[in-house]
>>> print(open('protein33.txt').read())   # compact mmCIF, C-alpha atoms and all ligand atoms
# COMPACT_ATOMS: atom_id res chain seq x y z
CA MET T 1 0.00 0.00 0.00
CA ALA T 2 1.37 3.41 -0.95
CA ARG T 3 2.01 5.91 1.82
CA MET T 4 -0.45 8.71 2.16
CA MET T 5 -1.10 11.49 4.59
CA LYS T 6 -4.16 13.29 5.87
CA VAL T 7 -4.21 17.02 5.15
CA GLU T 8 -6.57 19.90 5.76
CA LEU T 9 -8.65 20.36 2.61
CA ALA T 10 -9.04 24.14 2.86
CA THR T 11 -5.28 24.72 2.66
CA THR T 12 -4.46 21.98 0.13
CA GLU T 13 -3.13 23.19 -3.23
CA ASP T 14 -5.18 22.77 -6.41
CA GLY T 15 -3.71 19.98 -8.53
CA GLU T 16 -2.91 17.80 -5.51
CA MET T 17 -4.16 14.21 -5.93
CA ILE T 18 -6.79 12.79 -3.58
CA VAL T 19 -5.74 9.15 -3.16
CA GLN T 20 -8.50 7.79 -0.97
CA ASP T 21 -12.24 7.83 -1.73
CA VAL T 22 -14.15 10.56 0.12
CA HIS T 23 -17.53 9.80 1.69
CA ASP T 24 -19.98 12.07 3.47
CA MET T 25 -21.28 11.46 6.98
CA LEU T 26 -23.95 9.13 5.65
CA GLY T 27 -21.35 7.06 3.84
CA ARG T 28 -22.29 8.30 0.38
CA LEU T 29 -19.41 8.43 -2.04
CA LEU T 30 -18.49 12.03 -2.91
CA VAL T 31 -15.19 11.50 -4.71
CA ARG T 32 -13.69 8.42 -6.21
CA ALA T 33 -9.88 8.38 -5.93
CA PRO T 34 -7.63 9.17 -7.65
CA ARG T 35 -8.90 12.65 -8.43
CA ARG T 36 -7.06 15.94 -8.61
CA ILE T 37 -8.27 18.80 -6.47
CA ASP T 38 -9.62 21.78 -8.36
CA PRO T 39 -11.44 24.85 -7.03
CA GLU T 40 -14.90 23.47 -7.84
CA LEU T 41 -14.21 20.13 -6.19
CA LYS T 42 -12.77 21.83 -3.13
CA ARG T 43 -15.83 24.09 -2.82
CA MET T 44 -18.18 21.15 -3.21
CA LEU T 45 -16.40 19.06 -0.55
CA LEU T 46 -16.12 21.93 1.93
CA ALA T 47 -19.81 22.67 1.42
CA ARG T 48 -20.55 19.06 2.34
CA GLY T 49 -18.55 19.30 5.55
CA ILE T 50 -15.41 17.49 4.43
CA GLN T 51 -12.41 19.01 6.15
CA GLU T 52 -9.63 16.54 5.51
CA VAL T 53 -8.51 14.40 2.58
CA PHE T 54 -5.71 11.94 1.92
CA ILE T 55 -2.94 12.89 -0.49
CA PRO T 56 0.29 11.02 -1.29
CA ASP T 57 3.06 11.25 1.26
CA GLN T 58 5.83 12.44 -1.03
CA SER T 59 8.40 12.36 1.73
CA SER T 60 8.70 8.60 1.35
CA GLY T 61 9.62 8.80 -2.38
CA ASP T 62 7.64 5.62 -2.67
CA ALA T 63 8.15 3.69 -5.92
CA GLU T 64 5.12 1.61 -5.04
CA TYR T 65 3.04 4.78 -4.99
CA GLU T 66 4.31 5.74 -8.46
CA ARG T 67 3.36 2.31 -9.79
CA GLN T 68 -0.05 2.74 -8.27
CA ILE T 69 -0.55 6.09 -10.03
CA VAL T 70 0.20 4.45 -13.38
CA GLU T 71 -2.11 1.55 -12.57
CA GLN T 72 -4.95 3.87 -11.56
CA GLU T 73 -4.56 5.94 -14.71
CA ARG T 74 -4.60 2.77 -16.82
CA ASP T 75 -7.83 1.64 -15.16
CA ALA T 76 -9.36 5.09 -15.59
CA ILE T 77 -8.48 5.18 -19.30
CA ARG T 78 -9.97 1.70 -19.85
CA LYS T 79 -13.13 2.79 -18.08
CA ARG T 80 -13.49 5.89 -20.22
CA PHE T 81 -13.20 3.74 -23.33
CA SER T 82 -15.58 1.11 -21.99
CA ARG T 83 -18.52 2.23 -24.12
CA LEU T 84 -16.74 1.24 -27.31
CA GLN T 85 -17.03 -2.24 -28.77
CA ASP T 86 -14.34 -4.75 -27.94
CA THR T 87 -12.73 -4.75 -31.41
CA PRO T 88 -8.97 -5.16 -32.09
CA ASP T 89 -8.83 -1.55 -33.36
CA ASN T 90 -10.42 -0.19 -30.21
CA LYS T 91 -8.10 -2.27 -28.03
CA ARG T 92 -5.17 -0.86 -29.99
CA ILE T 93 -6.26 2.72 -29.44
CA VAL T 94 -6.69 2.15 -25.69
CA GLU T 95 -3.15 0.75 -25.59
CA ILE T 96 -1.83 3.82 -27.46
CA PHE T 97 -3.40 6.11 -24.83
CA ILE T 98 -2.03 4.02 -21.96
CA ARG T 99 1.40 3.87 -23.53
CA ALA T 100 1.45 7.64 -24.05
CA PHE T 101 0.63 8.10 -20.37
CA GLU T 102 3.46 5.76 -19.40
CA VAL T 103 5.89 7.67 -21.61
CA PHE T 104 4.70 10.98 -20.14
CA HIS T 105 4.96 9.68 -16.60
CA ALA T 106 8.45 8.29 -17.22
CA GLU T 107 9.52 11.56 -18.86
CA LYS T 108 8.46 13.39 -15.76
CA GLY T 109 11.20 11.44 -14.05
CA LYS T 110 9.04 9.13 -12.01
CA ILE T 111 9.54 5.57 -13.18
CA PRO T 112 10.86 3.89 -16.33
CA PRO T 113 8.11 2.82 -18.77
CA VAL T 114 6.83 -0.68 -18.01
CA MET W 1 -38.83 19.44 -20.44
CA TYR W 2 -38.90 22.11 -23.12
CA SER W 3 -40.07 21.98 -26.69
CA ARG W 4 -37.58 23.09 -29.32
CA ASP W 5 -39.51 26.32 -29.91
CA GLU W 6 -39.65 27.16 -26.20
CA PHE W 7 -35.93 26.73 -25.77
CA PHE W 8 -35.16 28.52 -29.00
CA LEU W 9 -36.92 31.62 -27.63
CA LEU W 10 -34.73 31.49 -24.52
CA ILE W 11 -31.50 31.39 -26.50
CA GLU W 12 -32.65 34.11 -28.91
CA ASP W 13 -32.04 36.54 -26.10
CA LEU W 14 -28.43 35.33 -25.75
CA SER W 15 -27.71 35.77 -29.41
CA LEU W 16 -28.12 39.52 -28.79
CA LEU W 17 -25.07 39.52 -26.50
CA PRO W 18 -26.75 40.51 -23.22
CA ALA W 19 -23.79 39.42 -21.10
CA ILE W 20 -21.38 42.13 -22.14
CA SER W 21 -21.05 45.74 -21.03
CA PRO W 22 -22.05 48.66 -23.31
CA SER W 23 -18.42 49.70 -23.87
CA CYS W 24 -17.53 46.15 -24.81
CA ARG W 25 -20.48 46.07 -27.19
CA SER W 26 -19.14 49.21 -28.86
CA ALA W 27 -15.72 47.54 -29.06
CA PHE W 28 -17.33 44.56 -30.80
CA ASP W 29 -19.04 46.89 -33.29
CA LYS W 30 -15.75 48.59 -33.93
CA MET W 31 -14.00 45.26 -34.53
CA GLU W 32 -16.26 44.76 -37.52
CA ASP W 33 -15.26 48.09 -39.01
CA PRO W 34 -12.30 47.46 -41.31
CA GLU W 35 -11.21 51.09 -40.86
CA ALA W 36 -11.05 50.87 -37.05
CA SER W 37 -7.67 50.98 -35.34
CA LEU W 38 -6.53 48.64 -32.57
CA ILE W 39 -5.90 51.69 -30.41
CA GLY W 40 -9.54 52.77 -30.77
CA ILE W 41 -10.81 49.26 -29.98
CA GLY W 42 -8.38 49.07 -27.04
CA HIS W 43 -9.70 52.34 -25.60
CA LEU W 44 -13.27 51.04 -25.65
CA ILE W 45 -12.25 47.84 -23.88
CA GLU W 46 -10.32 49.86 -21.28
CA GLU W 47 -13.57 51.57 -20.31
CA ASP W 48 -14.50 48.26 -18.68
CA PRO W 49 -11.58 47.74 -16.23
CA GLY W 50 -12.61 44.21 -15.24
CA LEU W 51 -12.67 43.15 -18.86
CA ALA W 52 -9.39 44.91 -19.66
CA SER W 53 -7.50 43.20 -16.87
CA ARG W 54 -8.98 39.84 -17.75
CA LEU W 55 -7.93 40.18 -21.37
CA ILE W 56 -4.37 40.97 -20.31
CA LYS W 57 -4.45 38.00 -17.93
CA VAL W 58 -5.62 35.67 -20.71
CA ALA W 59 -2.92 36.92 -23.09
CA ASN W 60 -0.30 36.25 -20.40
CA SER W 61 -1.76 32.88 -19.34
CA PRO W 62 0.02 29.61 -20.05
CA PHE W 63 -2.89 28.63 -22.32
CA TYR W 64 -1.63 30.85 -25.11
CA PRO W 65 1.73 29.79 -26.44
CA TYR W 66 3.54 33.11 -26.63
CA SER W 67 6.57 34.33 -24.83
CA GLY W 68 7.08 37.71 -23.22
CA LYS W 69 4.73 39.60 -20.98
CA VAL W 70 1.83 41.68 -22.22
CA GLY W 71 1.18 44.89 -20.28
CA SER W 72 -1.64 46.69 -22.08
CA VAL W 73 -4.98 45.98 -23.74
CA ARG W 74 -3.53 46.99 -27.09
CA GLU W 75 -0.69 44.45 -26.76
CA ALA W 76 -3.22 41.80 -25.70
CA LEU W 77 -5.27 42.56 -28.82
CA VAL W 78 -2.21 42.20 -31.04
CA ARG W 79 -1.22 38.94 -29.40
CA LEU W 80 -4.64 37.29 -29.35
CA GLY W 81 -6.05 38.72 -32.58
CA LEU W 82 -9.54 40.23 -32.86
CA GLU W 83 -11.42 36.96 -33.43
CA THR W 84 -9.87 35.27 -30.40
CA THR W 85 -10.39 38.40 -28.31
CA ARG W 86 -14.07 38.39 -29.15
CA GLY W 87 -14.30 34.66 -28.45
CA VAL W 88 -12.52 34.94 -25.10
CA ILE W 89 -14.68 37.88 -23.98
CA LEU W 90 -17.90 36.12 -24.93
CA THR W 91 -16.91 32.78 -23.43
CA THR W 92 -15.69 34.19 -20.13
CA SER W 93 -18.66 36.53 -19.71
CA LEU W 94 -21.11 33.72 -20.39
CA PHE W 95 -19.25 31.37 -18.04
CA ASP W 96 -19.33 34.15 -15.40
CA ARG W 97 -23.12 33.99 -15.41
CA ILE W 98 -23.17 30.33 -14.40
CA ARG W 99 -20.09 30.29 -12.17
CA GLY W 100 -20.43 28.05 -9.15
CA GLU W 101 -22.99 25.64 -10.65
CA ALA W 102 -21.87 22.00 -10.38
CA GLY W 103 -20.23 20.91 -13.61
CA VAL W 104 -19.40 24.41 -14.86
CA TYR W 105 -15.78 24.42 -13.83
CA ALA W 106 -15.33 21.03 -15.48
CA LEU W 107 -16.87 22.42 -18.68
CA TRP W 108 -14.43 25.35 -18.56
CA GLN W 109 -11.46 23.00 -18.11
CA HIS W 110 -12.77 20.78 -20.91
CA SER W 111 -13.10 23.79 -23.24
CA LEU W 112 -9.54 24.90 -22.48
CA ALA W 113 -8.31 21.34 -23.00
CA VAL W 114 -9.97 20.96 -26.40
CA SER W 115 -8.68 24.38 -27.41
CA MET W 116 -5.09 23.47 -26.54
CA ILE W 117 -5.12 20.05 -28.24
CA SER W 118 -6.83 21.47 -31.32
CA ARG W 119 -4.12 24.11 -31.65
CA ASN W 120 -1.44 21.40 -31.30
CA ILE W 121 -3.04 19.19 -33.92
CA ALA W 122 -3.36 22.18 -36.26
CA GLY W 123 0.34 22.83 -35.69
CA HIS W 124 1.26 19.23 -36.55
CA LEU W 125 -0.78 19.51 -39.74
CA ARG W 126 0.71 22.94 -40.51
CA MET W 127 -2.71 24.49 -40.80
CA PRO W 128 -2.64 28.18 -41.69
CA TYR W 129 -5.07 29.31 -38.96
CA PRO W 130 -4.07 27.74 -35.61
CA ASP W 131 -5.67 30.58 -33.61
CA GLU W 132 -9.08 30.07 -35.23
CA VAL W 133 -8.80 26.31 -34.68
CA ALA W 134 -7.98 26.91 -31.00
CA LEU W 135 -10.94 29.28 -30.76
CA ALA W 136 -13.24 26.66 -32.28
CA GLY W 137 -11.99 24.25 -29.59
CA LEU W 138 -12.65 26.79 -26.84
CA LEU W 139 -16.20 27.42 -28.09
CA HIS W 140 -17.11 23.91 -29.23
CA ASP W 141 -19.45 23.21 -26.29
CA ILE W 142 -20.63 26.81 -25.75
CA GLY W 143 -24.13 25.53 -26.55
CA LYS W 144 -24.26 23.88 -23.12
CA ILE W 145 -24.17 27.19 -21.27
CA PRO W 146 -27.88 28.05 -21.79
CA TYR W 147 -28.83 24.75 -20.11
CA PHE W 148 -27.06 25.88 -16.93
CA MET W 149 -28.69 29.31 -17.21
CA HIS W 150 -32.23 28.12 -17.68
CA ASP W 151 -32.43 24.72 -16.02
CA ALA W 152 -29.31 23.94 -14.00
CA SER W 153 -31.15 21.23 -12.07
CA GLU W 154 -31.55 19.17 -15.25
CA MET W 155 -27.77 19.43 -15.79
CA HIS W 156 -27.13 18.41 -12.18
CA ARG W 157 -29.38 15.41 -12.69
CA SER W 158 -27.47 14.27 -15.75
CA ILE W 159 -24.16 14.70 -13.90
CA SER W 160 -25.24 12.71 -10.85
CA ASP W 161 -27.02 10.06 -12.88
CA VAL W 162 -24.71 9.28 -15.82
CA ASP W 163 -26.18 6.88 -18.33
CA PRO W 164 -23.43 5.20 -20.40
CA GLY W 165 -26.02 4.31 -23.03
CA ARG W 166 -27.12 7.89 -23.63
CA PRO W 167 -24.55 10.47 -24.75
CA ASP W 168 -24.99 14.04 -23.49
CA TYR W 169 -26.37 15.39 -26.79
CA LYS W 170 -29.16 12.77 -26.91
CA ARG W 171 -30.22 13.60 -23.38
CA GLU W 172 -30.10 17.32 -24.15
CA LYS W 173 -32.36 16.90 -27.14
CA GLU W 174 -34.90 15.07 -24.97
CA ALA W 175 -34.80 17.58 -22.12
CA PHE W 176 -34.42 20.85 -24.01
CA GLY W 177 -35.56 20.12 -27.55
CA MET W 178 -32.17 21.29 -28.84
CA ASP W 179 -28.72 19.73 -28.44
CA HIS W 180 -25.62 21.78 -27.64
CA MET W 181 -24.32 21.61 -31.21
CA GLU W 182 -27.46 23.22 -32.60
CA ILE W 183 -27.50 25.91 -29.91
CA GLY W 184 -23.77 26.59 -30.25
CA GLU W 185 -24.06 26.96 -33.99
CA HIS W 186 -27.02 29.32 -33.67
CA LEU W 187 -25.19 31.50 -31.15
CA THR W 188 -21.86 31.67 -32.97
CA ILE W 189 -23.53 32.43 -36.31
CA SER W 190 -25.51 35.25 -34.67
CA TRP W 191 -22.27 36.49 -33.12
CA ARG W 192 -20.87 36.51 -36.66
CA PHE W 193 -17.97 34.12 -36.21
CA PRO W 194 -16.52 32.67 -39.42
CA SER W 195 -17.46 29.18 -40.61
CA ILE W 196 -14.07 27.78 -39.54
CA VAL W 197 -15.29 28.44 -35.97
CA CYS W 198 -19.01 27.65 -36.40
CA ALA W 199 -18.67 24.38 -38.35
CA PRO W 200 -16.76 22.46 -35.64
CA ILE W 201 -19.33 23.60 -33.08
CA ARG W 202 -22.15 22.17 -35.19
CA TRP W 203 -20.44 18.96 -36.31
CA HIS W 204 -17.90 17.86 -33.68
CA HIS W 205 -20.02 14.84 -32.79
CA ASN W 206 -20.57 13.91 -36.43
CA PRO W 207 -17.65 15.10 -38.57
CA ALA W 208 -18.61 12.96 -41.57
CA LYS W 209 -21.69 15.13 -42.14
CA SER W 210 -19.83 18.46 -42.01
CA PRO W 211 -19.43 20.67 -45.10
CA GLU W 212 -16.34 19.62 -46.96
CA ALA W 213 -14.69 23.04 -46.87
CA ASP W 214 -14.42 22.96 -43.06
CA ARG W 215 -14.16 19.21 -42.51
CA THR W 216 -10.50 19.19 -41.50
CA VAL W 217 -11.09 21.68 -38.69
CA VAL W 218 -14.20 19.75 -37.62
CA ARG W 219 -12.15 16.55 -37.44
CA ILE W 220 -9.41 18.29 -35.43
CA VAL W 221 -11.88 19.57 -32.83
CA ALA W 222 -13.69 16.20 -32.76
CA LEU W 223 -10.39 14.44 -32.13
CA GLY W 224 -9.43 17.00 -29.47
CA ASP W 225 -12.78 16.43 -27.76
CA LEU W 226 -12.19 12.66 -27.62
CA ILE W 227 -8.58 12.97 -26.40
CA ALA W 228 -9.65 15.32 -23.59
CA SER W 229 -12.36 12.83 -22.55
CA ALA W 230 -9.99 9.86 -22.72
CA TYR W 231 -7.63 11.58 -20.29
CA GLY W 232 -10.29 12.65 -17.83
CA LEU W 233 -10.98 16.22 -18.94
CA GLY W 234 -14.28 15.40 -20.58
CA HIS W 235 -17.84 16.14 -19.53
CA PRO W 236 -18.98 15.02 -16.09
CA GLU W 237 -22.42 14.29 -17.60
CA PHE W 238 -20.89 11.81 -20.04
CA PRO W 239 -17.29 10.93 -19.14
CA PHE W 240 -16.78 8.41 -21.94
CA VAL W 241 -15.03 8.29 -25.28
CA ASP W 242 -17.79 8.16 -27.84
CA GLY W 243 -16.21 8.37 -31.28
CA ASP W 244 -13.76 6.73 -33.61
CA ILE W 245 -10.33 8.10 -32.71
CA LEU W 246 -8.52 5.78 -35.10
CA GLN W 247 -10.63 6.85 -38.05
CA LEU W 248 -10.12 10.55 -37.24
CA THR W 249 -6.33 10.18 -36.97
CA GLU W 250 -6.30 8.33 -40.29
CA GLU W 251 -8.47 10.93 -41.99
CA LEU W 252 -6.17 13.66 -40.70
CA ASN W 253 -3.13 11.67 -41.91
CA LEU W 254 -1.56 11.67 -38.47
CA LEU W 255 1.16 9.05 -38.12
CA GLY W 256 1.43 6.78 -35.06
CA ALA W 257 4.44 8.65 -33.67
CA GLU W 258 2.68 11.99 -34.15
CA VAL W 259 -0.35 10.73 -32.25
CA THR W 260 1.82 9.61 -29.35
CA SER W 261 3.60 12.93 -29.23
CA LEU W 262 0.25 14.80 -29.35
CA LEU W 263 -0.99 12.69 -26.46
CA THR W 264 2.09 13.18 -24.29
CA ASP W 265 2.06 16.93 -25.04
CA PHE W 266 -1.57 16.99 -23.96
CA LEU W 267 -0.75 15.26 -20.69
CA TYR W 268 1.60 18.14 -19.82
CA ASP W 269 -1.18 20.56 -20.80
CA ARG W 270 -3.59 18.58 -18.63
CA ASP W 271 -1.45 19.24 -15.54
CA LEU W 272 -1.32 22.91 -16.51
CA ILE W 273 -5.08 23.09 -16.95
CA VAL W 274 -5.79 21.40 -13.64
CA GLN W 275 -3.35 23.66 -11.81
CA ARG W 276 -3.89 26.96 -13.58
CA SER W 277 -7.36 27.03 -15.18
CA HIS W 278 -8.64 29.28 -12.38
CA ASP W 279 -6.13 31.97 -13.42
CA VAL W 280 -8.51 33.22 -16.08
CA PHE W 281 -11.87 32.09 -14.70
FE FE I 301 -19.84 18.41 -27.55
FE FE I 302 -16.80 18.54 -25.74
>>> encode(input="protein33.txt", output="structure tokens")
Amino acid sequence: MARMMKVELATTEDGEMIVQDVHDMLGRLLVRAPRRIDPELKRMLLARGIQEVFIPDQSSGDAEYERQIVEQERDAIRKRFSRLQDTPDNKRIVEIFIRAFEVFHAEKGKIPPV
Amino acid sequence: MYSRDEFFLLIEDLSLLPAISPSCRSAFDKMEDPEASLIGIGHLIEEDPGLASRLIKVANSPFYPYSGKVGSVREALVRLGLETTRGVILTTSLFDRIRGEAGVYALWQHSLAVSMISRNIAGHLRMPYPDEVALAGLLHDIGKIPYFMHDASEMHRSISDVDPGRPDYKREKEAFGMDHMEIGEHLTISWRFPSIVCAPIRWHHNPAKSPEADRTVVRIVALGDLIASAYGLGHPEFPFVDGDILQLTEELNLLGAEVTSLLTDFLYDRDLIVQRSHDVF
């Protein structure tokens, strides 16, 4: 499991990644992780009484966490393409998008492409 | 539920540019006068200080690929060009009217995303008008704004109850009698934008049907729309890829390596959009 830390939502920077699902007091899902914080999301969560969220603990420099980011992005991409038929062409295009993300992520100096 | 005629009456009002200040309206009139000088147009815009500072902010923002800092309205006009200036003023003033509604910020980020990818694709293809292509990307979903103005609760419903079997434009047609492509086209034609801007707005969900003269730009914006959705900057009311990316890249003669480089470039832009899109809105 990647390391994460709990932070105060109101003072968290936009662009920071929420890495654990956020639920309201009744247990209803408000945010599915991973999701980047933006002003609208922050406003919505604060309005629903959420004061703290989990973000990655960068101090650990955790390679496992980096792998998890890539895995989550892969899953998210597959999900967004899930409406399309399961043809070889569509599978190929999903792989191109995943590969491009891996290249981008590696370029940013995180991990070598898988 | 609205009939087409009912909703058409509501958007008629918007086609008369109610969202902008009188001085800005005079600036728009002046922009259409071929004899008018940039200095004269700049003076009119400066009469609306909020608008003037926003225009300078946009020209200096990371979403426009120019170097060097702009310090005056006149410099901003030179950098952005008149068509883009008009587009940015209209888009931001319309977005201002629905600020804070759930889904609006996502629509703003999506519009910026499609604008940036469209400009990049146009650059790869060495198109002569990258600014107009970027503007078409920025405005491509402008037709959704009246839904938030007139029946935000219907938009909230479609965001909280996504139906993977029903794309946004089908739902819109059922609820409002008009989809966002039809509304966007009507508005941008009334605002007298050129067909290179209006055609992608009308046809981005069905490029094959677009008039041949503008089909390349339509395909670029359609592809940009799908790439943004694939990487999570799509529409919250329909966060799926719903189009043939492979066919569009083939029709645009984009090679595999070019596609990969477009996608990785976009991922850098995506970080920028998520972190900085509130700079101008
Ligand atoms: Fe659209
Ligand atoms: Fe779109």
>>> residues_near_ligand(input="protein33.txt", ligand="ligand FE 301 (chain I)", cutoff="9 Å", atoms="all atoms listed in the file", output="count of residues only")
17
>>> interface_residues(input="protein33.txt", of="chain T", to="chain W", cutoff="10 Å", atoms="all atoms listed in the file", output="JSON, numbers by chain")
{"T": [13, 14, 15, 16, 35, 36, 37, 38, 39, 40, 41, 43, 44, 73, 74, 76, 77, 78, 79, 80, 81, 82, 83, 84, 89, 90, 92, 93, 94, 96, 97, 98, 99, 100, 101, 102, 103, 104, 105, 107, 108]}
>>> atom_distance(input="protein33.txt", atom1="atom FE of ligand FE 302 (chain I)", atom2="atom CA of Gly87 of chain W")
16.5 Å
>>> atom_distance(input="protein33.txt", atom1="atom CA of Arg67 of chain T", atom2="atom CA of Met4 of chain T")
14.1 Å
>>> atom_distance(input="protein33.txt", atom1="atom CA of Phe7 of chain W", atom2="atom CA of Phe176 of chain W")
6.3 Å
>>> axis_aligned_box(input="protein33.txt", around="segment 17-25 of chain T", padding_each_side="6 Å", output="lines of an AutoDock Vina configuration file")
center_x = -12.7
center_y = 11.0
center_z = 0.5
size_x = 29.1
size_y = 18.4
size_z = 24.9
>>> closest_residue(input="protein33.txt", among="W:Val133, W:Leu139, W:Ile145, W:Val280", to="ligand FE 302 (chain I)", atoms="only C-alpha atoms and all ligand atoms")
W:Leu139
>>> residues_around(input="protein33.txt", residues="His186 of chain W", least_positions_apart="3", cutoff="9 Å", atoms="only C-alpha atoms", output="VMD selection string")
chain W and resid 11 to 12 15 143 181 to 183 189 to 191 198 202
>>> closest_residue(input="protein33.txt", among="W:Leu187, W:Ala134, W:Ala113, W:Leu17", to="ligand FE 302 (chain I)", atoms="only C-alpha atoms and all ligand atoms")
W:Ala113
>>> residues_around(input="protein33.txt", residues="segment 19-22 of chain T", least_positions_apart="2", cutoff="10 Å", atoms="all atoms listed in the file", output="PyMOL selection string")
chain T and resi 2-6+16-17+24-25+27-36+45+50+52-56+65+68-69+72
>>> closest_residue(input="protein33.txt", among="W:Leu38, W:Val114, W:Met178, W:Met155", to="ligand FE 302 (chain I)", atoms="all atoms listed in the file")
W:Val114
>>> closest_residue(input="protein33.txt", among="W:Arg166, W:His110, W:His43, W:Lys57", to="ligand FE 302 (chain I)", atoms="all atoms listed in the file")
W:His110
>>> closest_residue(input="protein33.txt", among="T:Gln51, T:Asp86, T:Leu46, T:His23", to="Val7 of chain T", atoms="only C-alpha atoms")
T:Gln51
>>> residues_near_point(input="protein33.txt", point="(-20.8, 12.5, -15.0)", cutoff="8 Å", atoms="all atoms listed in the file", output="ChimeraX atom specification")
/W:158-162,235-239
>>> closest_residue(input="protein33.txt", among="W:Tyr129, W:Phe148, W:Phe193, W:Trp108", to="ligand FE 302 (chain I)", atoms="all atoms listed in the file")
W:Trp108
>>> decode(input="protein33.txt", residues="segment 96-118 of chain W", atoms="C-alpha atoms", output="PDB file, in the first residue's frame")
ATOM      1  CA  ASP W  96     -19.334  34.151 -15.398  1.00  0.00           C
ATOM      2  CA  ARG W  97     -23.116  33.985 -15.410  1.00  0.00           C
ATOM      3  CA  ILE W  98     -23.168  30.328 -14.403  1.00  0.00           C
ATOM      4  CA  ARG W  99     -20.089  30.292 -12.173  1.00  0.00           C
ATOM      5  CA  GLY W 100     -20.427  28.051  -9.149  1.00  0.00           C
ATOM      6  CA  GLU W 101     -22.991  25.639 -10.650  1.00  0.00           C
ATOM      7  CA  ALA W 102     -21.874  21.997 -10.380  1.00  0.00           C
ATOM      8  CA  GLY W 103     -20.229  20.913 -13.610  1.00  0.00           C
ATOM      9  CA  VAL W 104     -19.403  24.414 -14.863  1.00  0.00           C
ATOM     10  CA  TYR W 105     -15.777  24.420 -13.830  1.00  0.00           C
ATOM     11  CA  ALA W 106     -15.332  21.026 -15.482  1.00  0.00           C
ATOM     12  CA  LEU W 107     -16.867  22.424 -18.678  1.00  0.00           C
ATOM     13  CA  TRP W 108     -14.430  25.351 -18.555  1.00  0.00           C
ATOM     14  CA  GLN W 109     -11.455  22.999 -18.114  1.00  0.00           C
ATOM     15  CA  HIS W 110     -12.769  20.779 -20.913  1.00  0.00           C
ATOM     16  CA  SER W 111     -13.102  23.789 -23.236  1.00  0.00           C
ATOM     17  CA  LEU W 112      -9.536  24.898 -22.477  1.00  0.00           C
ATOM     18  CA  ALA W 113      -8.305  21.336 -23.002  1.00  0.00           C
ATOM     19  CA  VAL W 114      -9.970  20.959 -26.397  1.00  0.00           C
ATOM     20  CA  SER W 115      -8.684  24.378 -27.413  1.00  0.00           C
ATOM     21  CA  MET W 116      -5.094  23.468 -26.538  1.00  0.00           C
ATOM     22  CA  ILE W 117      -5.123  20.052 -28.237  1.00  0.00           C
ATOM     23  CA  SER W 118      -6.834  21.473 -31.318  1.00  0.00           C
TER      24      SER W 118
END
